[in-house]
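A.B. asks: Data: run_5.csv, CSV, N, CA and C atoms.
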chain,number,residue,atom,x,y,z
A,1,MET,N,0.8,-1.2,0.0
A,1,MET,CA,0.0,0.0,0.0
A,1,MET,C,0.9,1.3,0.0
A,2,THR,N,2.0,1.2,0.7
A,2,THR,CA,2.9,2.3,0.7
A,2,THR,C,3.4,2.6,-0.7
A,3,PHE,N,3.8,1.6,-1.4
A,3,PHE,CA,4.3,1.8,-2.8
A,3,PHE,C,3.2,2.5,-3.6
A,4,LEU,N,2.0,2.1,-3.5
A,4,LEU,CA,0.9,2.8,-4.2
A,4,LEU,C,0.7,4.2,-3.9
A,5,SER,N,0.9,4.6,-2.6
A,5,SER,CA,0.8,6.0,-2.3
A,5,SER,C,2.0,6.8,-2.8
A,6,TYR,N,3.2,6.2,-2.8
A,6,TYR,CA,4.3,6.9,-3.5
A,6,TYR,C,4.1,7.0,-5.0
A,7,ALA,N,3.6,5.9,-5.6
A,7,ALA,CA,3.4,6.0,-7.0
A,7,ALA,C,2.3,7.0,-7.4
A,8,TYR,N,1.2,7.1,-6.6
A,8,TYR,CA,0.2,8.1,-6.8
A,8,TYR,C,0.7,9.5,-6.7
A,9,ARG,N,1.5,9.7,-5.7
A,9,ARG,CA,2.1,11.1,-5.5
A,9,ARG,C,3.0,11.4,-6.7
A,10,PHE,N,3.8,10.5,-7.1
A,10,PHE,CA,4.8,10.7,-8.2
A,10,PHE,C,4.0,10.9,-9.5
A,11,VAL,N,3.0,10.1,-9.8
A,11,VAL,CA,2.2,10.3,-11.1
A,11,VAL,C,1.4,11.6,-11.1
A,12,SER,N,0.8,11.9,-9.9
A,12,SER,CA,0.0,13.2,-9.9
A,12,SER,C,0.9,14.4,-10.1
A,13,ASN,N,2.1,14.4,-9.4
A,13,ASN,CA,3.0,15.5,-9.6
A,13,ASN,C,3.6,15.5,-11.0
A,14,PHE,N,3.9,14.4,-11.6
A,14,PHE,CA,4.4,14.3,-13.0
A,14,PHE,C,3.3,14.8,-14.0
A,15,LEU,N,2.1,14.5,-13.8
A,15,LEU,CA,1.0,15.0,-14.7
A,15,LEU,C,0.8,16.5,-14.5
A,16,PHE,N,1.0,17.0,-13.3
A,16,PHE,CA,0.9,18.4,-13.2
A,16,PHE,C,2.0,19.1,-13.9
A,17,MET,N,3.2,18.6,-13.8
A,17,MET,CA,4.4,19.1,-14.5
A,17,MET,C,4.2,19.0,-16.0
A,18,ALA,N,3.7,17.9,-16.5
A,18,ALA,CA,3.5,17.8,-17.9
A,18,ALA,C,2.4,18.8,-18.4
A,19,MET,N,1.4,19.0,-17.6
A,19,MET,CA,0.4,20.0,-17.9
A,19,MET,C,0.9,21.4,-18.0
A,20,VAL,N,1.8,21.7,-17.1
A,20,VAL,CA,2.4,23.0,-17.1
A,20,VAL,C,3.3,23.2,-18.3
A,21,TYR,N,4.1,22.1,-18.6
A,21,TYR,CA,5.0,22.1,-19.7
A,21,TYR,C,4.3,22.3,-21.1
A,22,PHE,N,3.3,21.5,-21.3
A,22,PHE,CA,2.5,21.6,-22.5
A,22,PHE,C,1.7,22.9,-22.6
A,23,SER,N,1.2,23.4,-21.5
A,23,SER,CA,0.5,24.7,-21.6
A,23,SER,C,1.4,25.8,-21.9
A,24,LEU,N,2.6,25.8,-21.4
A,24,LEU,CA,3.5,26.9,-21.7
A,24,LEU,C,4.1,26.8,-23.1
A,25,ASN,N,4.3,25.6,-23.6
A,25,ASN,CA,4.8,25.4,-25.0
A,25,ASN,C,3.8,25.7,-26.1
A,26,PHE,N,2.6,25.5,-25.8
A,26,PHE,CA,1.6,25.7,-26.9
A,26,PHE,C,1.1,27.2,-27.0
A,27,MET,N,1.5,28.0,-26.1
A,27,MET,CA,1.1,29.4,-26.2
A,27,MET,C,2.1,30.2,-27.1
A,28,ASP,N,1.6,31.0,-27.9
A,28,ASP,CA,2.4,31.8,-28.9
A,28,ASP,C,2.9,33.1,-28.3
A,29,LYS,N,2.1,33.8,-27.6
A,29,LYS,CA,2.5,35.1,-27.2
A,29,LYS,C,3.3,35.0,-25.8
A,30,TYR,N,4.3,35.9,-25.8
A,30,TYR,CA,5.1,35.9,-24.5
A,30,TYR,C,4.3,36.3,-23.3
A,31,GLN,N,3.4,37.3,-23.5
A,31,GLN,CA,2.6,37.8,-22.4
A,31,GLN,C,1.7,36.7,-21.8
A,32,GLN,N,1.1,35.9,-22.6
A,32,GLN,CA,0.3,34.7,-22.2
A,32,GLN,C,1.2,33.7,-21.4
A,33,LYS,N,2.4,33.4,-22.0
A,33,LYS,CA,3.3,32.5,-21.3
A,33,LYS,C,3.7,33.0,-19.9
A,34,ALA,N,4.0,34.3,-19.9
A,34,ALA,CA,4.4,34.9,-18.6
A,34,ALA,C,3.3,34.9,-17.6
A,35,ILE,N,2.1,35.2,-18.0
A,35,ILE,CA,1.0,35.2,-17.0
A,35,ILE,C,0.8,33.8,-16.5
A,36,VAL,N,0.7,32.8,-17.3
A,36,VAL,CA,0.5,31.4,-16.9
A,36,VAL,C,1.7,31.0,-16.0
A,37,ALA,N,2.9,31.3,-16.4
A,37,ALA,CA,4.1,30.9,-15.6
A,37,ALA,C,4.1,31.6,-14.3
A,38,ILE,N,3.7,32.8,-14.2
A,38,ILE,CA,3.7,33.5,-12.9
A,38,ILE,C,2.6,32.9,-12.0
A,39,LEU,N,1.4,32.6,-12.6
A,39,LEU,CA,0.4,31.9,-11.8
A,39,LEU,C,0.8,30.6,-11.3
A,40,VAL,N,1.5,29.8,-12.1
A,40,VAL,CA,2.0,28.5,-11.7
A,40,VAL,C,3.1,28.7,-10.6
A,41,LEU,N,3.9,29.7,-10.7
A,41,LEU,CA,4.9,30.0,-9.7
A,41,LEU,C,4.3,30.3,-8.4
A,42,VAL,N,3.2,31.1,-8.4
A,42,VAL,CA,2.5,31.4,-7.2
A,42,VAL,C,1.9,30.2,-6.5
A,43,TYR,N,1.3,29.3,-7.3
A,43,TYR,CA,0.7,28.1,-6.8
A,43,TYR,C,1.9,27.2,-6.3
A,44,ALA,N,3.0,27.1,-7.0
A,44,ALA,CA,4.1,26.2,-6.6
A,44,ALA,C,4.7,26.8,-5.3
A,45,SER,N,4.8,28.1,-5.1
A,45,SER,CA,5.3,28.6,-3.9
A,45,SER,C,4.4,28.3,-2.7
A,46,MET,N,3.1,28.4,-2.9
A,46,MET,CA,2.2,28.0,-1.8
A,46,MET,C,2.3,26.6,-1.4
A,47,ARG,N,2.4,25.7,-2.4
A,47,ARG,CA,2.6,24.3,-2.1
A,47,ARG,C,4.0,24.0,-1.5
A,48,THR,N,5.0,24.8,-1.8
A,48,THR,CA,6.3,24.6,-1.2
A,48,THR,C,6.3,25.0,0.2
A,49,VAL,N,5.6,26.1,0.5
A,49,VAL,CA,5.5,26.5,1.9
A,49,VAL,C,4.8,25.5,2.7
A,50,SER,N,3.7,24.9,2.2
A,50,SER,CA,3.0,23.9,2.8
A,50,SER,C,3.9,22.6,3.1
A,51,ALA,N,4.7,22.2,2.1
A,51,ALA,CA,5.6,21.1,2.3
A,51,ALA,C,6.6,21.4,3.3
A,52,LEU,N,7.2,22.6,3.3
A,52,LEU,CA,8.2,22.9,4.3
A,52,LEU,C,7.6,23.0,5.7
A,53,ARG,N,6.3,23.4,5.9
A,53,ARG,CA,5.6,23.4,7.2
A,53,ARG,C,5.4,22.0,7.6
A,54,SER,N,5.2,21.1,6.7
A,54,SER,CA,5.0,19.7,7.1
A,54,SER,C,6.3,19.1,7.7
A,55,PHE,N,7.4,19.5,7.2
A,55,PHE,CA,8.7,19.1,7.7
A,55,PHE,C,8.8,19.5,9.2
A,56,TYR,N,8.4,20.7,9.5
A,56,TYR,CA,8.4,21.2,10.8
A,56,TYR,C,7.5,20.4,11.7
A,57,PHE,N,6.3,20.0,11.2
A,57,PHE,CA,5.4,19.2,11.9
A,57,PHE,C,6.0,17.8,12.1
A,58,TYR,N,6.7,17.2,11.1
A,58,TYR,CA,7.3,15.9,11.3
A,58,TYR,C,8.4,16.0,12.3
A,59,GLN,N,9.1,17.1,12.4
A,59,GLN,CA,10.2,17.2,13.4
A,59,GLN,C,9.6,17.2,14.8
A,60,ARG,N,8.4,17.9,14.9
A,60,ARG,CA,7.7,17.8,16.2
A,60,ARG,C,7.2,16.4,16.6
A,61,ILE,N,6.8,15.7,15.6
A,61,ILE,CA,6.3,14.3,15.9
A,61,ILE,C,7.5,13.5,16.3
A,62,GLU,N,8.7,13.7,15.7
A,62,GLU,CA,9.8,12.9,16.1
A,62,GLU,C,10.2,13.2,17.6
A,63,ARG,N,10.1,14.5,18.0
A,63,ARG,CA,10.3,14.8,19.4
A,63,ARG,C,9.3,14.1,20.3
A,64,LEU,N,8.1,14.1,19.8
A,64,LEU,CA,7.0,13.4,20.6
A,64,LEU,C,7.3,11.9,20.7
A,65,GLU,N,7.9,11.3,19.7
A,65,GLU,CA,8.2,9.9,19.7
A,65,GLU,C,9.3,9.6,20.8
A,66,ILE,N,10.3,10.5,20.8
A,66,ILE,CA,11.3,10.3,21.8
A,66,ILE,C,10.8,10.5,23.2
A,67,GLU,N,9.9,11.4,23.4
A,67,GLU,CA,9.3,11.7,24.7
A,67,GLU,C,8.4,10.5,25.1
A,68,ALA,N,7.6,9.9,24.1
A,68,ALA,CA,6.8,8.8,24.4
A,68,ALA,C,7.6,7.6,24.8
A,69,ARG,N,8.7,7.4,24.2
A,69,ARG,CA,9.6,6.3,24.6
A,69,ARG,C,10.1,6.4,26.0
A,70,ARG,N,10.5,7.6,26.3
A,70,ARG,CA,11.0,7.9,27.7
A,70,ARG,C,9.9,7.7,28.7
A,71,LEU,N,8.7,8.2,28.4
A,71,LEU,CA,7.6,8.1,29.4
A,71,LEU,C,7.1,6.6,29.5
A,72,ALA,N,7.2,5.9,28.4
A,72,ALA,CA,6.8,4.5,28.4
A,72,ALA,C,7.7,3.6,29.3
A,73,VAL,N,9.0,4.0,29.2
A,73,VAL,CA,10.0,3.3,30.0
A,73,VAL,C,9.8,3.6,31.5
A,74,ALA,N,9.5,4.9,31.8
A,74,ALA,CA,9.3,5.3,33.2
A,74,ALA,C,8.0,4.7,33.7
A,75,ALA,N,7.0,4.5,32.9
A,75,ALA,CA,5.7,4.0,33.4
A,75,ALA,C,5.6,2.5,33.3
A,76,LYS,N,6.7,1.9,32.9
A,76,LYS,CA,6.8,0.4,32.8
A,76,LYS,C,5.7,-0.2,31.9
A,77,VAL,N,5.5,0.4,30.8
A,77,VAL,CA,4.6,-0.1,29.8
A,77,VAL,C,5.2,-1.4,29.2
A,78,PRO,N,4.4,-2.4,28.9
A,78,PRO,CA,5.0,-3.6,28.2
A,78,PRO,C,5.8,-3.2,27.0
A,79,ASP,N,6.9,-3.9,26.8
A,79,ASP,CA,7.9,-3.6,25.8
A,79,ASP,C,7.3,-3.7,24.4
A,80,ASN,N,6.6,-4.8,24.1
A,80,ASN,CA,6.1,-5.0,22.8
A,80,ASN,C,5.0,-4.0,22.4
A,81,GLN,N,4.2,-3.6,23.4
A,81,GLN,CA,3.1,-2.6,23.1
A,81,GLN,C,3.7,-1.3,22.8
A,82,ARG,N,4.7,-0.9,23.6
A,82,ARG,CA,5.4,0.4,23.4
A,82,ARG,C,6.1,0.4,22.0
A,83,LYS,N,6.8,-0.6,21.7
A,83,LYS,CA,7.5,-0.7,20.4
A,83,LYS,C,6.5,-0.6,19.2
A,84,GLN,N,5.4,-1.2,19.4
A,84,GLN,CA,4.4,-1.3,18.3
A,84,GLN,C,3.8,0.1,18.0
A,85,VAL,N,3.4,0.8,19.1
A,85,VAL,CA,2.9,2.2,18.9
A,85,VAL,C,3.9,3.2,18.4
A,86,VAL,N,5.0,3.2,19.0
A,86,VAL,CA,6.1,4.1,18.5
A,86,VAL,C,6.6,3.8,17.1
A,87,GLY,N,6.6,2.5,16.8
A,87,GLY,CA,7.1,2.1,15.5
A,87,GLY,C,6.1,2.5,14.4
A,88,GLU,N,4.8,2.4,14.7
A,88,GLU,CA,3.8,2.8,13.7
A,88,GLU,C,3.8,4.3,13.5
A,89,VAL,N,4.0,5.1,14.5
A,89,VAL,CA,4.1,6.5,14.4
A,89,VAL,C,5.3,6.9,13.6
A,90,ALA,N,6.4,6.3,13.9
A,90,ALA,CA,7.7,6.5,13.2
A,90,ALA,C,7.6,6.2,11.7
A,91,LEU,N,6.9,5.1,11.4
A,91,LEU,CA,6.7,4.6,10.0
A,91,LEU,C,5.8,5.6,9.3
A,92,LEU,N,4.7,6.1,9.9
A,92,LEU,CA,3.9,7.1,9.2
A,92,LEU,C,4.6,8.4,9.0
A,93,ARG,N,5.4,8.8,10.0
A,93,ARG,CA,6.2,10.0,9.8
A,93,ARG,C,7.2,9.9,8.7
A,94,ARG,N,7.9,8.8,8.5
A,94,ARG,CA,8.8,8.6,7.5
A,94,ARG,C,8.1,8.6,6.1
A,95,HIS,N,7.0,8.0,6.0
A,95,HIS,CA,6.2,8.0,4.8
A,95,HIS,C,5.8,9.4,4.4
A,96,GLY,N,5.4,10.2,5.4
A,96,GLY,CA,5.0,11.5,5.1
A,96,GLY,C,6.2,12.4,4.6
A,97,GLU,N,7.3,12.1,5.2
A,97,GLU,CA,8.5,12.9,4.8
A,97,GLU,C,8.9,12.5,3.4
A,98,VAL,N,8.8,11.2,3.0
A,98,VAL,CA,9.2,10.9,1.6
A,98,VAL,C,8.2,11.5,0.6
A,99,LYS,N,6.9,11.5,1.0
A,99,LYS,CA,5.9,12.2,0.1
A,99,LYS,C,6.2,13.6,-0.1
A,100,SER,N,6.6,14.3,1.0
A,100,SER,CA,6.9,15.7,0.9
A,100,SER,C,8.2,15.9,0.1
A,101,TYR,N,9.2,15.0,0.2
A,101,TYR,CA,10.3,15.1,-0.7
A,101,TYR,C,10.0,15.0,-2.2
A,102,ILE,N,9.1,14.1,-2.5
A,102,ILE,CA,8.6,13.9,-3.8
A,102,ILE,C,7.9,15.2,-4.3
A,103,ASP,N,7.1,15.7,-3.5
A,103,ASP,CA,6.4,17.0,-3.8
A,103,ASP,C,7.4,18.1,-4.1
A,104,LEU,N,8.4,18.2,-3.2
A,104,LEU,CA,9.4,19.3,-3.4
A,104,LEU,C,10.2,19.1,-4.6
A,105,LEU,N,10.6,17.9,-4.9
A,105,LEU,CA,11.3,17.6,-6.2
A,105,LEU,C,10.6,18.1,-7.4
A,106,PHE,N,9.3,17.7,-7.5
A,106,PHE,CA,8.5,18.2,-8.7
A,106,PHE,C,8.3,19.7,-8.7
A,107,LEU,N,8.0,20.2,-7.5
A,107,LEU,CA,7.8,21.7,-7.4
A,107,LEU,C,9.1,22.4,-7.9
A,108,CYS,N,10.2,22.0,-7.5
A,108,CYS,CA,11.5,22.6,-8.0
A,108,CYS,C,11.6,22.5,-9.5
A,109,LEU,N,11.3,21.3,-10.0
A,109,LEU,CA,11.3,21.2,-11.5
A,109,LEU,C,10.3,22.1,-12.2
A,110,ILE,N,9.2,22.3,-11.6
A,110,ILE,CA,8.1,23.1,-12.2
A,110,ILE,C,8.6,24.6,-12.1
A,111,VAL,N,9.2,25.0,-11.0
A,111,VAL,CA,9.7,26.4,-10.9
A,111,VAL,C,10.8,26.6,-11.9
A,112,LEU,N,11.7,25.7,-12.1
A,112,LEU,CA,12.7,25.8,-13.1
A,112,LEU,C,12.1,25.9,-14.5
A,113,LEU,N,11.2,25.1,-14.8
A,113,LEU,CA,10.5,25.1,-16.1
A,113,LEU,C,9.8,26.5,-16.3
A,114,CYS,N,9.2,27.0,-15.3
A,114,CYS,CA,8.5,28.3,-15.5
A,114,CYS,C,9.5,29.4,-15.7
A,115,LEU,N,10.6,29.4,-14.9
A,115,LEU,CA,11.6,30.4,-15.0
A,115,LEU,C,12.3,30.4,-16.4
A,116,VAL,N,12.5,29.2,-16.9
A,116,VAL,CA,13.1,29.0,-18.2
A,116,VAL,C,12.2,29.6,-19.3
A,117,LYS,N,10.9,29.4,-19.1
A,117,LYS,CA,9.9,29.9,-20.1
A,117,LYS,C,9.8,31.4,-20.0
A,118,ILE,N,9.9,32.0,-18.8
A,118,ILE,CA,9.8,33.4,-18.7
A,118,ILE,C,11.0,34.1,-19.2
A,119,ILE,N,12.2,33.6,-18.8
A,119,ILE,CA,13.5,34.2,-19.2
A,119,ILE,C,13.8,33.9,-20.6
A,120,GLY,N,13.6,32.6,-21.0
A,120,GLY,CA,14.1,32.2,-22.3
A,120,GLY,C,13.2,32.7,-23.5
A,121,SER,N,12.0,33.1,-23.3
A,121,SER,CA,11.2,33.5,-24.4
A,121,SER,C,11.4,34.9,-24.8
Since I need it in another form, could you write the structure as structure tokens?
C.D. replies:
Amino acid sequence: MTFLSYAYRFVSNFLFMAMVYFSLNFMDKYQQKAIVAILVLVYASMRTVSALRSFYFYQRIERLEIEARRLAVAAKVPDNQRKQVVGEVALLRRHGEVKSYIDLLFLCLIVLLCLVKIIGS
């Protein structure tokens, strides 16, 4: 299931990049290209800020994992139960981080594409 979520994230970002590429290539006038590229840059910057905020969130979750381990040891929670809960949280956090990295990779490529179309035309 994890592979499918990564594949979905990759395909959806790739389709968005392809849509931006083809829409910028099929426009004839520079002004139209520039307007579309600037709008895409604004959208990409909003998504980038969101992805960067999610890294801050994941960092906080990691701190909570460490604190939960410490409290579980102090409260003498059974070892297998503690490892299962903390392990599931750590796994979900890592999957979220990988998805955010995929998003950031494609957003950087889209920003470069837009800048090339604005500057190069």
A.B. asks: Considering only C-alpha atoms, state which residue in the set A:Lys117, A:Phe57, A:Lys83, A:Phe10 is at the smallest distance from Tyr30 in chain A.
C.D. replies: A:Lys117
A.B. asks: Hey, could you make a per-residue contact list for range 3-99 of chain A against range 103-107 of chain A with 6 Å as the cut-off, showing the nearest pair of atoms and its distance in Å to one decimal, counting only N, CA and C atoms, sorted by chain and number, as a tab-separated table?
C.D. replies:
residue	atom	partner	partner_atom	distance
A:Ala44	CA	A:Leu107	CA	5.9
A:Val98	C	A:Asp103	N	6.0
A:Lys99	C	A:Asp103	N	4.1
A.B. asks: Put those residues in a file: N, CA and C atoms, as a PDB file, keeping the file's coordinate frame.
C.D. replies:
ATOM      1  N   ALA A  44       3.000  27.100  -7.000  1.00  0.00           N
ATOM      2  CA  ALA A  44       4.100  26.200  -6.600  1.00  0.00           C
ATOM      3  C   ALA A  44       4.700  26.800  -5.300  1.00  0.00           C
ATOM      4  N   VAL A  98       8.800  11.200   3.000  1.00  0.00           N
ATOM      5  CA  VAL A  98       9.200  10.900   1.600  1.00  0.00           C
ATOM      6  C   VAL A  98       8.200  11.500   0.600  1.00  0.00           C
ATOM      7  N   LYS A  99       6.900  11.500   1.000  1.00  0.00           N
ATOM      8  CA  LYS A  99       5.900  12.200   0.100  1.00  0.00           C
ATOM      9  C   LYS A  99       6.200  13.600  -0.100  1.00  0.00           C
TER      10      LYS A  99
END
A.B. asks: With only N, CA and C atoms as the counted atoms, please give the residues lying no more than 8 Å from range 49-51 of chain A, apart from itself and same-chain residues fewer than 2 positions off, as a list in words.
C.D. replies: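 The contact residues come out as Tyr43, Ala44, Ser45, Met46, Arg47, Arg53, Ser54, Phe55, Tyr56, Lys99, Ser100, Tyr101, Asp103 and Leu104 of chain A.
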A.B. asks: Do you have the CA of Ala75 in chain A-atom C of Gly87 in chain A distance handy?
C.D. replies: 19.1 Å
A.B. asks: What is the distance, in Å and to one decimal place, between CA of Leu24 in chain A and atom N of Ser12 in chain A?
C.D. replies: 19.3 Å
A.B. asks: Go ahead and compute the interatomic distance for CA of Arg93 in chain A and atom N of Arg60 in chain A, in Å to one decimal.
C.D. replies: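 Atom N of Arg60 in chain A lies at a distance of 9.7 Å from CA of Arg93 in chain A.
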A.B. asks: Under the rule that only C-alpha atoms are counted, which of A:Leu64, A:Gly96, A:Ala7, A:Lys33 is the nearest residue to Tyr21 in chain A?
C.D. replies: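 Of A:Leu64, A:Gly96, A:Ala7, A:Lys33, the one nearest Tyr21 in chain A is A:Lys33, counting only C-alpha atoms.
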A.B. asks: Under the rule that all atoms listed in the file are counted, which of A:Leu4, A:Ile118, A:Ile35, A:Val40 is the nearest residue to Val20 in chain A?
C.D. replies: A:Val40
A.B. asks: Using only N, CA and C atoms, which of A:Ile119, A:Phe16, A:Ala90, A:Leu41 sits nearest Glu65 in chain A?
C.D. replies: A:Ala90
A.B. asks: Give me the residues within 12 Å of Arg69 in chain A as a ChimeraX atom specification, counting only C-alpha atoms and dropping any in the same chain fewer than 6 places off.
C.D. replies: /A:62-63,75-87,89-90
A.B. asks: Compare A:Met19, A:Val11, A:Leu52, A:Ile110 by their minimum atom-to-atom distance to Ile38 in chain A, counting only C-alpha atoms, and give me the closest one.
C.D. replies: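 Among A:Met19, A:Val11, A:Leu52, A:Ile110, it is A:Ile110 that comes nearest to Ile38 in chain A.
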A.B. asks: Put range 75-84 of chain A into a file with all heavy atoms, as a PDB file, in the first residue's frame.
C.D. replies:
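Output contents, as saved in result34.pdb:
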ATOM      1  N   ALA A  75       6.967   4.546  32.889  1.00  0.00           N
ATOM      2  CA  ALA A  75       5.680   4.018  33.354  1.00  0.00           C
ATOM      3  C   ALA A  75       5.634   2.494  33.307  1.00  0.00           C
ATOM      4  O   ALA A  75       4.613   1.896  33.643  1.00  0.00           O
ATOM      5  CB  ALA A  75       4.553   4.597  32.509  1.00  0.00           C
ATOM      6  N   LYS A  76       6.708   1.870  32.868  1.00  0.00           N
ATOM      7  CA  LYS A  76       6.819   0.415  32.780  1.00  0.00           C
ATOM      8  C   LYS A  76       5.716  -0.207  31.911  1.00  0.00           C
ATOM      9  O   LYS A  76       5.093  -1.195  32.280  1.00  0.00           O
ATOM     10  CB  LYS A  76       6.818  -0.196  34.173  1.00  0.00           C
ATOM     11  CG  LYS A  76       7.975   0.284  35.026  1.00  0.00           C
ATOM     12  CD  LYS A  76       8.153  -0.574  36.223  1.00  0.00           C
ATOM     13  CE  LYS A  76       9.174  -0.093  37.202  1.00  0.00           C
ATOM     14  NZ  LYS A  76      10.321   0.567  36.793  1.00  0.00           N
ATOM     15  N   VAL A  77       5.494   0.414  30.762  1.00  0.00           N
ATOM     16  CA  VAL A  77       4.560  -0.128  29.773  1.00  0.00           C
ATOM     17  C   VAL A  77       5.209  -1.361  29.150  1.00  0.00           C
ATOM     18  O   VAL A  77       6.426  -1.372  28.938  1.00  0.00           O
ATOM     19  CB  VAL A  77       4.253   0.939  28.688  1.00  0.00           C
ATOM     20  CG1 VAL A  77       3.394   0.383  27.579  1.00  0.00           C
ATOM     21  CG2 VAL A  77       3.603   2.146  29.312  1.00  0.00           C
ATOM     22  N   PRO A  78       4.432  -2.409  28.864  1.00  0.00           N
ATOM     23  CA  PRO A  78       5.036  -3.599  28.238  1.00  0.00           C
ATOM     24  C   PRO A  78       5.806  -3.236  26.972  1.00  0.00           C
ATOM     25  O   PRO A  78       5.379  -2.400  26.174  1.00  0.00           O
ATOM     26  CB  PRO A  78       3.827  -4.480  27.910  1.00  0.00           C
ATOM     27  CG  PRO A  78       2.762  -4.021  28.841  1.00  0.00           C
ATOM     28  CD  PRO A  78       3.014  -2.571  29.115  1.00  0.00           C
ATOM     29  N   ASP A  79       6.949  -3.891  26.825  1.00  0.00           N
ATOM     30  CA  ASP A  79       7.901  -3.551  25.768  1.00  0.00           C
ATOM     31  C   ASP A  79       7.312  -3.717  24.367  1.00  0.00           C
ATOM     32  O   ASP A  79       7.494  -2.858  23.509  1.00  0.00           O
ATOM     33  CB  ASP A  79       9.156  -4.404  25.919  1.00  0.00           C
ATOM     34  CG  ASP A  79      10.341  -3.829  25.191  1.00  0.00           C
ATOM     35  OD1 ASP A  79      10.454  -2.587  25.149  1.00  0.00           O
ATOM     36  OD2 ASP A  79      11.135  -4.609  24.661  1.00  0.00           O
ATOM     37  N   ASN A  80       6.589  -4.806  24.132  1.00  0.00           N
ATOM     38  CA  ASN A  80       6.053  -5.038  22.783  1.00  0.00           C
ATOM     39  C   ASN A  80       4.978  -4.022  22.416  1.00  0.00           C
ATOM     40  O   ASN A  80       4.883  -3.587  21.280  1.00  0.00           O
ATOM     41  CB  ASN A  80       5.529  -6.467  22.651  1.00  0.00           C
ATOM     42  CG  ASN A  80       4.412  -6.768  23.633  1.00  0.00           C
ATOM     43  OD1 ASN A  80       4.104  -5.963  24.513  1.00  0.00           O
ATOM     44  ND2 ASN A  80       3.853  -7.950  23.511  1.00  0.00           N
ATOM     45  N   GLN A  81       4.161  -3.642  23.371  1.00  0.00           N
ATOM     46  CA  GLN A  81       3.109  -2.649  23.107  1.00  0.00           C
ATOM     47  C   GLN A  81       3.720  -1.279  22.807  1.00  0.00           C
ATOM     48  O   GLN A  81       3.301  -0.584  21.892  1.00  0.00           O
ATOM     49  CB  GLN A  81       2.182  -2.574  24.317  1.00  0.00           C
ATOM     50  CG  GLN A  81       0.934  -1.772  24.099  1.00  0.00           C
ATOM     51  CD  GLN A  81       0.056  -1.775  25.346  1.00  0.00           C
ATOM     52  OE1 GLN A  81       0.553  -1.922  26.456  1.00  0.00           O
ATOM     53  NE2 GLN A  81      -1.224  -1.632  25.145  1.00  0.00           N
ATOM     54  N   ARG A  82       4.729  -0.907  23.576  1.00  0.00           N
ATOM     55  CA  ARG A  82       5.393   0.384  23.386  1.00  0.00           C
ATOM     56  C   ARG A  82       6.079   0.442  22.024  1.00  0.00           C
ATOM     57  O   ARG A  82       5.945   1.415  21.285  1.00  0.00           O
ATOM     58  CB  ARG A  82       6.419   0.599  24.492  1.00  0.00           C
ATOM     59  CG  ARG A  82       7.275   1.830  24.319  1.00  0.00           C
ATOM     60  CD  ARG A  82       8.189   2.036  25.509  1.00  0.00           C
ATOM     61  NE  ARG A  82       8.873   0.832  25.943  1.00  0.00           N
ATOM     62  CZ  ARG A  82      10.129   0.523  25.601  1.00  0.00           C
ATOM     63  NH1 ARG A  82      10.810   1.319  24.815  1.00  0.00           N
ATOM     64  NH2 ARG A  82      10.692  -0.580  26.050  1.00  0.00           N
ATOM     65  N   LYS A  83       6.785  -0.626  21.669  1.00  0.00           N
ATOM     66  CA  LYS A  83       7.490  -0.650  20.392  1.00  0.00           C
ATOM     67  C   LYS A  83       6.523  -0.601  19.221  1.00  0.00           C
ATOM     68  O   LYS A  83       6.802   0.024  18.200  1.00  0.00           O
ATOM     69  CB  LYS A  83       8.359  -1.903  20.290  1.00  0.00           C
ATOM     70  CG  LYS A  83       9.613  -1.829  21.096  1.00  0.00           C
ATOM     71  CD  LYS A  83      10.459  -3.058  20.897  1.00  0.00           C
ATOM     72  CE  LYS A  83      11.725  -2.981  21.712  1.00  0.00           C
ATOM     73  NZ  LYS A  83      12.553  -4.179  21.538  1.00  0.00           N
ATOM     74  N   GLN A  84       5.380  -1.239  19.358  1.00  0.00           N
ATOM     75  CA  GLN A  84       4.404  -1.257  18.268  1.00  0.00           C
ATOM     76  C   GLN A  84       3.847   0.139  18.013  1.00  0.00           C
ATOM     77  O   GLN A  84       3.805   0.594  16.871  1.00  0.00           O
ATOM     78  CB  GLN A  84       3.266  -2.219  18.587  1.00  0.00           C
ATOM     79  CG  GLN A  84       2.228  -2.296  17.492  1.00  0.00           C
ATOM     80  CD  GLN A  84       1.062  -3.202  17.876  1.00  0.00           C
ATOM     81  OE1 GLN A  84       1.000  -3.722  18.982  1.00  0.00           O
ATOM     82  NE2 GLN A  84       0.143  -3.379  16.956  1.00  0.00           N
TER      83      GLN A  84
END
